[in-house]
Amino acid sequence: MEAKLKKLLNQAKDELGQIKDSQIIADLKNKYLGRKGELASLLKDIKNVAAEERPVVGQIANEVKNELVNIFDKLENSINQGSSSELDFDPTLPGTRRELGHLHPNTLVQAEIEKAFAQMGFTVFDGPQLESDYYNFTALNIPADHPARDTQDTFWLDDGNLLRTQTSNIQVRMLEKYGAPFRGIFPGRVFRNESTDVSHDHTFYQLEGLLVDKGINIGNVIAVMKSLLSAVFQTEVTVRLRPGFFPFVEPGFELDIKCLVCEGAGCSVCKQSGWVELMPCGMVHPKVLENGNVNSSEYSGFAFGLGLTRLVMMKYKINDIRLLQSGDLRFLKQF
Ligand code: DAH
C-alpha cells in the first residue's frame with residue numbers, strides 16, 4: 001500500500017511536469033484527487049491493511065494528498081499569472097472599448113440648424129464650391145468693377161472660375177431652377193484669400209438662407225432668426241438690427257445677438273460691447289430676383305448669411321478659428 005501510494009505520487013508528478021494548459025490540469029486534478037479519483041479508490045483498500053499498520057499508512061496517504069494538492073495549487077497559480085500566452089485570454093474580463101470617431105463640431109451645429117429650419121419649412125440645398133464669377137458676384141449685383149469685390153479676395157483659377165467666397169452663390173441658381181415661392185438653406189464651405197490669424201482662415205463655413213414669397217418683410221427675418229438662435233443656444237436670445245451694406249440686399253442689416261457669455265454686461269467675447277455680430281441679412285435686392293427670373297413687383301424675400309464657423313466658436317467658446325481645420329485630435333476629442 002505504501003509503495004502504491006508513493007508510486008501514485010511519482011506518476012502524478014511525472015504527468016504534471018510539462019503541463020501548461022488549464023483544462024488538462026483540471027482533468028488531472030480530477031483524475032488524482034477527485035471523489036472517484038485514483039487516490040480515493042486506493043484508499044478504499046485501507047480496510048485490507050493490518051490494523052497496526054493503518055495509522056502509518058493513513059499518515060502517508062495524508063502526506064501524499066497534501067503534496068498533490070500543493071502541486072496542483074502551484075500549477076494553477078502559475079497559469080493564472082499568464083506563464084502561457086494561450087492562457088492570457090480571460091473571457092471573464094470586460095472587453096476593451098475601441099475608440100470610435102465622432103462628428104466634427106461644425107457638423108454638430110450644422111445638423112442642429114438644419115433641423116430647426118426644417119421645422120420652419122426650409123429645404124437644405126448644396127451648391128458648387130468651384131464657381132463662376134457670374135453666380136459668385138455678378139448675379140448678386142456685384143459687377144466686375146464694384147469695390148465690394150475687394151473685401152472678398154479669393155482663389156482664382158486660370159479659366160476665370162473661382163473658389164466661392166460666399167454661399168450666396170447659390171441664391172440665383174436656386175431661383176433660376178425653382179422660381180418663387182422658395183424657402184431653402186445652403187450650408188457649405190467657402191474660401192478667402194487672406195492671411196490667417198485667430199479669427200481668420202482661408203477656408204470656413206457659412207449657412208445661407210433664402211425665402212421668397214408674397215408679402216415678405218423684415219419682421220419675418222427677425223422672427224425666423226429668433227426661433228433659430230433659441231434652438232441653437234437652448235435659451236431665449238435678444239437680437240438687434242443695424243444697417244449694413246451688401247449689394248444683393250436692400251435694405252441690408254447686421255443682426256447682432258446680446259452676448260450670451262456676459263448677458264450684455266461687456267466681456268472679452270463681445271469686445272466689451274455687450275453684443276456679438278452674428279449674421280448679415282436683408283431684403284433680397286430686386287435685381288437679384290430678376291436675375292433669377294422672379295418678378296420683383298410680385299414677390300419679395302429675405303436672405304441671410306450665417307457665419308456657421310463663428311456660431312460654432314461662440315457655442316463652444318473656441319478662441320482660435322484655425323483649430324477647427326487643424327485635424328488636431330487633442331482639440332477634436334473634446335466634442
Ligand atoms: N455673403 C455675405 C458674406 O459672405 C453675407 C451675407 C450678407 C449673406 C447679407 C446674405 C445677406 O444672404 O443677405 O459676407
# chains A, B, ... in the order shown; residues from 1 in each chain; ligands from 1
call {"tool": "residues_around", "arguments": {"residues": "A:Glu15", "least_positions_apart": "3", "cutoff": "12 Å", "atoms": "only C-alpha atoms", "output": "number ranges by chain"}}
result
A: 8-12, 18-20, 24-25, 27-29, 31-32, 68, 71-72
call {"tool": "write_last_selection", "arguments": {"atoms": "N, CA, C and O atoms", "output": "mmCIF file, in the first residue's frame"}}
result
data_model
loop_
_atom_site.group_PDB
_atom_site.id
_atom_site.type_symbol
_atom_site.label_atom_id
_atom_site.label_comp_id
_atom_site.auth_asym_id
_atom_site.auth_seq_id
_atom_site.Cartn_x
_atom_site.Cartn_y
_atom_site.Cartn_z
ATOM 1 N N LEU A 8 1.906 6.387 -6.936
ATOM 2 C CA LEU A 8 0.857 7.298 -7.414
ATOM 3 C C LEU A 8 1.368 8.745 -7.445
ATOM 4 O O LEU A 8 1.194 9.472 -8.420
ATOM 5 N N LEU A 9 2.081 9.099 -6.339
ATOM 6 C CA LEU A 9 2.601 10.464 -6.263
ATOM 7 C C LEU A 9 3.590 10.739 -7.390
ATOM 8 O O LEU A 9 3.526 11.750 -8.079
ATOM 9 N N ASN A 10 4.521 9.794 -7.600
ATOM 10 C CA ASN A 10 5.536 9.979 -8.646
ATOM 11 C C ASN A 10 4.921 10.048 -10.038
ATOM 12 O O ASN A 10 5.302 10.869 -10.868
ATOM 13 N N GLN A 11 3.964 9.176 -10.225
ATOM 14 C CA GLN A 11 3.286 9.156 -11.530
ATOM 15 C C GLN A 11 2.625 10.513 -11.795
ATOM 16 O O GLN A 11 2.757 11.098 -12.861
ATOM 17 N N ALA A 12 1.958 11.010 -10.722
ATOM 18 C CA ALA A 12 1.290 12.308 -10.868
ATOM 19 C C ALA A 12 2.312 13.396 -11.163
ATOM 20 O O ALA A 12 2.119 14.232 -12.044
ATOM 21 N N GLN A 18 5.129 18.756 -17.389
ATOM 22 C CA GLN A 18 5.209 19.562 -18.614
ATOM 23 C C GLN A 18 3.952 20.386 -18.913
ATOM 24 O O GLN A 18 3.907 21.111 -19.894
ATOM 25 N N ILE A 19 2.980 20.274 -18.040
ATOM 26 C CA ILE A 19 1.682 20.796 -18.455
ATOM 27 C C ILE A 19 1.511 22.310 -18.316
ATOM 28 O O ILE A 19 1.924 22.904 -17.320
ATOM 29 N N LYS A 20 0.881 22.907 -19.334
ATOM 30 C CA LYS A 20 0.669 24.349 -19.294
ATOM 31 C C LYS A 20 -0.801 24.696 -19.550
ATOM 32 O O LYS A 20 -1.176 25.856 -19.583
ATOM 33 N N ILE A 24 -6.252 20.760 -19.035
ATOM 34 C CA ILE A 24 -5.582 19.489 -18.745
ATOM 35 C C ILE A 24 -5.302 19.383 -17.248
ATOM 36 O O ILE A 24 -5.479 18.329 -16.626
ATOM 37 N N ILE A 25 -4.896 20.471 -16.647
ATOM 38 C CA ILE A 25 -4.630 20.455 -15.204
ATOM 39 C C ILE A 25 -5.893 20.092 -14.437
ATOM 40 O O ILE A 25 -5.879 19.255 -13.530
ATOM 41 N N ASP A 27 -8.405 18.407 -15.490
ATOM 42 C CA ASP A 27 -8.717 16.987 -15.704
ATOM 43 C C ASP A 27 -7.848 16.089 -14.828
ATOM 44 O O ASP A 27 -8.316 15.131 -14.217
ATOM 45 N N LEU A 28 -6.547 16.448 -14.778
ATOM 46 C CA LEU A 28 -5.637 15.630 -13.985
ATOM 47 C C LEU A 28 -5.942 15.726 -12.491
ATOM 48 O O LEU A 28 -5.829 14.754 -11.757
ATOM 49 N N LYS A 29 -6.322 16.918 -12.080
ATOM 50 C CA LYS A 29 -6.656 17.099 -10.662
ATOM 51 C C LYS A 29 -7.816 16.166 -10.310
ATOM 52 O O LYS A 29 -7.826 15.504 -9.269
ATOM 53 N N LYS A 31 -8.543 13.499 -11.937
ATOM 54 C CA LYS A 31 -8.089 12.106 -12.050
ATOM 55 C C LYS A 31 -7.446 11.623 -10.746
ATOM 56 O O LYS A 31 -7.690 10.502 -10.296
ATOM 57 N N TYR A 32 -6.627 12.494 -10.119
ATOM 58 C CA TYR A 32 -5.927 12.070 -8.906
ATOM 59 C C TYR A 32 -6.680 12.369 -7.627
ATOM 60 O O TYR A 32 -6.705 11.570 -6.707
ATOM 61 N N LEU A 68 0.093 16.450 -3.339
ATOM 62 C CA LEU A 68 -0.623 16.596 -4.616
ATOM 63 C C LEU A 68 -1.407 17.913 -4.667
ATOM 64 O O LEU A 68 -1.361 18.651 -5.663
ATOM 65 N N ILE A 71 0.990 20.687 -5.336
ATOM 66 C CA ILE A 71 1.449 20.722 -6.738
ATOM 67 C C ILE A 71 0.378 21.348 -7.629
ATOM 68 O O ILE A 71 0.651 22.230 -8.455
ATOM 69 N N PHE A 72 -0.857 20.920 -7.433
ATOM 70 C CA PHE A 72 -1.932 21.473 -8.289
ATOM 71 C C PHE A 72 -2.125 22.977 -8.035
ATOM 72 O O PHE A 72 -2.298 23.741 -8.975
#
call {"tool": "residues_near_ligand", "arguments": {"ligand": "ligand 1", "cutoff": "6 Å", "atoms": "only C-alpha atoms and all ligand atoms", "output": "number ranges by chain"}}
result
A: 166, 168, 208, 246, 249, 280-282, 303-305
call {"tool": "write_last_selection", "arguments": {"atoms": "N, CA, C and O atoms", "output": "JSON list (two decimals), in the first residue's frame"}}
result
[["chain", "number", "residue", "atom", "x", "y", "z"],
["A", 166, "GLN", "N", -18.60, 82.95, -50.87],
["A", 166, "GLN", "CA", -19.80, 83.03, -50.04],
["A", 166, "GLN", "C", -20.83, 82.01, -50.53],
["A", 166, "GLN", "O", -20.90, 81.69, -51.72],
["A", 168, "SER", "N", -23.76, 82.66, -50.77],
["A", 168, "SER", "CA", -24.74, 83.43, -51.53],
["A", 168, "SER", "C", -24.72, 83.02, -53.01],
["A", 168, "SER", "O", -25.67, 83.30, -53.75],
["A", 208, "GLU", "N", -26.25, 79.87, -45.68],
["A", 208, "GLU", "CA", -27.07, 80.89, -46.34],
["A", 208, "GLU", "C", -28.53, 80.49, -46.26],
["A", 208, "GLU", "O", -28.87, 79.31, -46.26],
["A", 246, "PHE", "N", -24.72, 95.33, -48.30],
["A", 246, "PHE", "CA", -24.36, 94.20, -49.16],
["A", 246, "PHE", "C", -25.12, 94.44, -50.47],
["A", 246, "PHE", "O", -26.33, 94.66, -50.43],
["A", 249, "VAL", "N", -28.72, 92.87, -51.18],
["A", 249, "VAL", "CA", -29.92, 93.09, -50.35],
["A", 249, "VAL", "C", -30.18, 94.59, -50.25],
["A", 249, "VAL", "O", -29.26, 95.41, -50.26],
["A", 280, "PRO", "N", -25.23, 88.81, -41.17],
["A", 280, "PRO", "CA", -25.74, 89.83, -42.08],
["A", 280, "PRO", "C", -26.98, 89.30, -42.79],
["A", 280, "PRO", "O", -27.09, 88.09, -43.06],
["A", 281, "CYS", "N", -27.90, 90.21, -43.09],
["A", 281, "CYS", "CA", -29.14, 89.76, -43.74],
["A", 281, "CYS", "C", -29.81, 90.96, -44.41],
["A", 281, "CYS", "O", -29.30, 92.09, -44.34],
["A", 282, "GLY", "N", -30.91, 90.74, -45.04],
["A", 282, "GLY", "CA", -31.63, 91.86, -45.66],
["A", 282, "GLY", "C", -32.72, 91.38, -46.59],
["A", 282, "GLY", "O", -32.94, 90.17, -46.75],
["A", 303, "ALA", "N", -32.86, 87.29, -47.28],
["A", 303, "ALA", "CA", -31.70, 86.38, -47.34],
["A", 303, "ALA", "C", -30.83, 86.66, -46.13],
["A", 303, "ALA", "O", -30.86, 87.76, -45.57],
["A", 304, "PHE", "N", -30.10, 85.66, -45.73],
["A", 304, "PHE", "CA", -29.15, 85.88, -44.63],
["A", 304, "PHE", "C", -27.94, 84.98, -44.83],
["A", 304, "PHE", "O", -28.01, 83.97, -45.54],
["A", 305, "GLY", "N", -26.83, 85.39, -44.25],
["A", 305, "GLY", "CA", -25.60, 84.61, -44.38],
["A", 305, "GLY", "C", -25.01, 84.36, -43.01],
["A", 305, "GLY", "O", -24.24, 85.16, -42.49]]
call {"tool": "atom_distance", "arguments": {"atom1": "atom CA of A:Phe117", "atom2": "atom CA of A:Leu228"}}
result
7.1 Å
call {"tool": "select_by_dssp", "arguments": {"residues": "stretch 27-95 of chain A", "states": "alpha helix (DSSP H)", "output": "NGL selection string"}}
result
:A and (27-33 or 38-43 or 54-80)
call {"tool": "closest_residue", "arguments": {"among": "A:Thr138, A:Gln110, A:Asn295, A:Asn66", "to": "A:Asp213", "atoms": "only C-alpha atoms"}}
result
A:Asn295
call {"tool": "residues_around", "arguments": {"residues": "A:Glu277", "least_positions_apart": "5", "cutoff": "12 Å", "atoms": "only C-alpha atoms", "output": "JSON, numbers by chain"}}
result
{"A": [239, 240, 241, 242, 244, 253, 254, 255, 256, 257, 258, 259, 269, 270, 271, 305, 306, 307, 310, 311, 314]}
call {"tool": "decode", "arguments": {"residues": "stretch 168-185 of chain A", "atoms": "N, CA, C and O atoms", "output": "PDB file, in the first residue's frame"}}
result
ATOM      1  N   SER A 168     -23.756  82.662 -50.766  1.00  0.00           N
ATOM      2  CA  SER A 168     -24.743  83.428 -51.532  1.00  0.00           C
ATOM      3  C   SER A 168     -24.718  83.022 -53.012  1.00  0.00           C
ATOM      4  O   SER A 168     -25.667  83.298 -53.746  1.00  0.00           O
ATOM      5  N   ASN A 169     -23.645  82.376 -53.442  1.00  0.00           N
ATOM      6  CA  ASN A 169     -23.549  81.967 -54.856  1.00  0.00           C
ATOM      7  C   ASN A 169     -24.719  81.077 -55.274  1.00  0.00           C
ATOM      8  O   ASN A 169     -25.018  80.955 -56.456  1.00  0.00           O
ATOM      9  N   ILE A 170     -25.389  80.474 -54.294  1.00  0.00           N
ATOM     10  CA  ILE A 170     -26.453  79.531 -54.647  1.00  0.00           C
ATOM     11  C   ILE A 170     -27.798  80.242 -54.865  1.00  0.00           C
ATOM     12  O   ILE A 170     -28.716  79.702 -55.475  1.00  0.00           O
ATOM     13  N   GLN A 171     -27.925  81.486 -54.375  1.00  0.00           N
ATOM     14  CA  GLN A 171     -29.214  82.196 -54.447  1.00  0.00           C
ATOM     15  C   GLN A 171     -29.821  82.203 -55.855  1.00  0.00           C
ATOM     16  O   GLN A 171     -30.939  81.725 -56.065  1.00  0.00           O
ATOM     17  N   VAL A 172     -29.076  82.758 -56.798  1.00  0.00           N
ATOM     18  CA  VAL A 172     -29.642  82.899 -58.142  1.00  0.00           C
ATOM     19  C   VAL A 172     -29.797  81.538 -58.835  1.00  0.00           C
ATOM     20  O   VAL A 172     -30.764  81.298 -59.571  1.00  0.00           O
ATOM     21  N   ARG A 173     -28.884  80.638 -58.545  1.00  0.00           N
ATOM     22  CA  ARG A 173     -29.027  79.268 -59.083  1.00  0.00           C
ATOM     23  C   ARG A 173     -30.371  78.660 -58.657  1.00  0.00           C
ATOM     24  O   ARG A 173     -31.073  78.039 -59.461  1.00  0.00           O
ATOM     25  N   MET A 174     -30.717  78.834 -57.397  1.00  0.00           N
ATOM     26  CA  MET A 174     -31.966  78.255 -56.879  1.00  0.00           C
ATOM     27  C   MET A 174     -33.187  78.923 -57.505  1.00  0.00           C
ATOM     28  O   MET A 174     -34.157  78.254 -57.866  1.00  0.00           O
ATOM     29  N   LEU A 175     -33.151  80.257 -57.605  1.00  0.00           N
ATOM     30  CA  LEU A 175     -34.301  80.968 -58.178  1.00  0.00           C
ATOM     31  C   LEU A 175     -34.493  80.572 -59.639  1.00  0.00           C
ATOM     32  O   LEU A 175     -35.615  80.364 -60.103  1.00  0.00           O
ATOM     33  N   GLU A 176     -33.387  80.471 -60.373  1.00  0.00           N
ATOM     34  CA  GLU A 176     -33.485  80.032 -61.780  1.00  0.00           C
ATOM     35  C   GLU A 176     -34.137  78.657 -61.860  1.00  0.00           C
ATOM     36  O   GLU A 176     -34.935  78.374 -62.732  1.00  0.00           O
ATOM     37  N   LYS A 177     -33.752  77.796 -60.937  1.00  0.00           N
ATOM     38  CA  LYS A 177     -34.180  76.409 -61.028  1.00  0.00           C
ATOM     39  C   LYS A 177     -35.594  76.195 -60.479  1.00  0.00           C
ATOM     40  O   LYS A 177     -36.389  75.469 -61.074  1.00  0.00           O
ATOM     41  N   TYR A 178     -35.890  76.808 -59.340  1.00  0.00           N
ATOM     42  CA  TYR A 178     -37.170  76.513 -58.674  1.00  0.00           C
ATOM     43  C   TYR A 178     -38.172  77.667 -58.732  1.00  0.00           C
ATOM     44  O   TYR A 178     -39.353  77.456 -58.451  1.00  0.00           O
ATOM     45  N   GLY A 179     -37.728  78.882 -59.017  1.00  0.00           N
ATOM     46  CA  GLY A 179     -38.643  80.023 -59.057  1.00  0.00           C
ATOM     47  C   GLY A 179     -39.209  80.350 -57.690  1.00  0.00           C
ATOM     48  O   GLY A 179     -38.696  79.899 -56.661  1.00  0.00           O
ATOM     49  N   ALA A 180     -40.300  81.152 -57.677  1.00  0.00           N
ATOM     50  CA  ALA A 180     -40.917  81.556 -56.406  1.00  0.00           C
ATOM     51  C   ALA A 180     -42.280  80.869 -56.287  1.00  0.00           C
ATOM     52  O   ALA A 180     -42.896  80.558 -57.312  1.00  0.00           O
ATOM     53  N   PRO A 181     -42.779  80.624 -55.079  1.00  0.00           N
ATOM     54  CA  PRO A 181     -42.131  80.871 -53.784  1.00  0.00           C
ATOM     55  C   PRO A 181     -41.004  79.865 -53.531  1.00  0.00           C
ATOM     56  O   PRO A 181     -41.046  78.748 -54.039  1.00  0.00           O
ATOM     57  N   PHE A 182     -40.040  80.298 -52.710  1.00  0.00           N
ATOM     58  CA  PHE A 182     -38.876  79.453 -52.427  1.00  0.00           C
ATOM     59  C   PHE A 182     -38.477  79.584 -50.961  1.00  0.00           C
ATOM     60  O   PHE A 182     -38.537  80.665 -50.379  1.00  0.00           O
ATOM     61  N   ARG A 183     -38.057  78.500 -50.384  1.00  0.00           N
ATOM     62  CA  ARG A 183     -37.624  78.503 -48.985  1.00  0.00           C
ATOM     63  C   ARG A 183     -36.510  77.475 -48.825  1.00  0.00           C
ATOM     64  O   ARG A 183     -36.767  76.268 -48.873  1.00  0.00           O
ATOM     65  N   GLY A 184     -35.277  77.935 -48.675  1.00  0.00           N
ATOM     66  CA  GLY A 184     -34.183  76.960 -48.571  1.00  0.00           C
ATOM     67  C   GLY A 184     -33.006  77.490 -47.786  1.00  0.00           C
ATOM     68  O   GLY A 184     -32.841  78.698 -47.613  1.00  0.00           O
ATOM     69  N   ILE A 185     -32.187  76.577 -47.284  1.00  0.00           N
ATOM     70  CA  ILE A 185     -30.907  76.963 -46.680  1.00  0.00           C
ATOM     71  C   ILE A 185     -29.783  76.217 -47.392  1.00  0.00           C
ATOM     72  O   ILE A 185     -29.976  75.115 -47.899  1.00  0.00           O
TER      73      ILE A 185
END
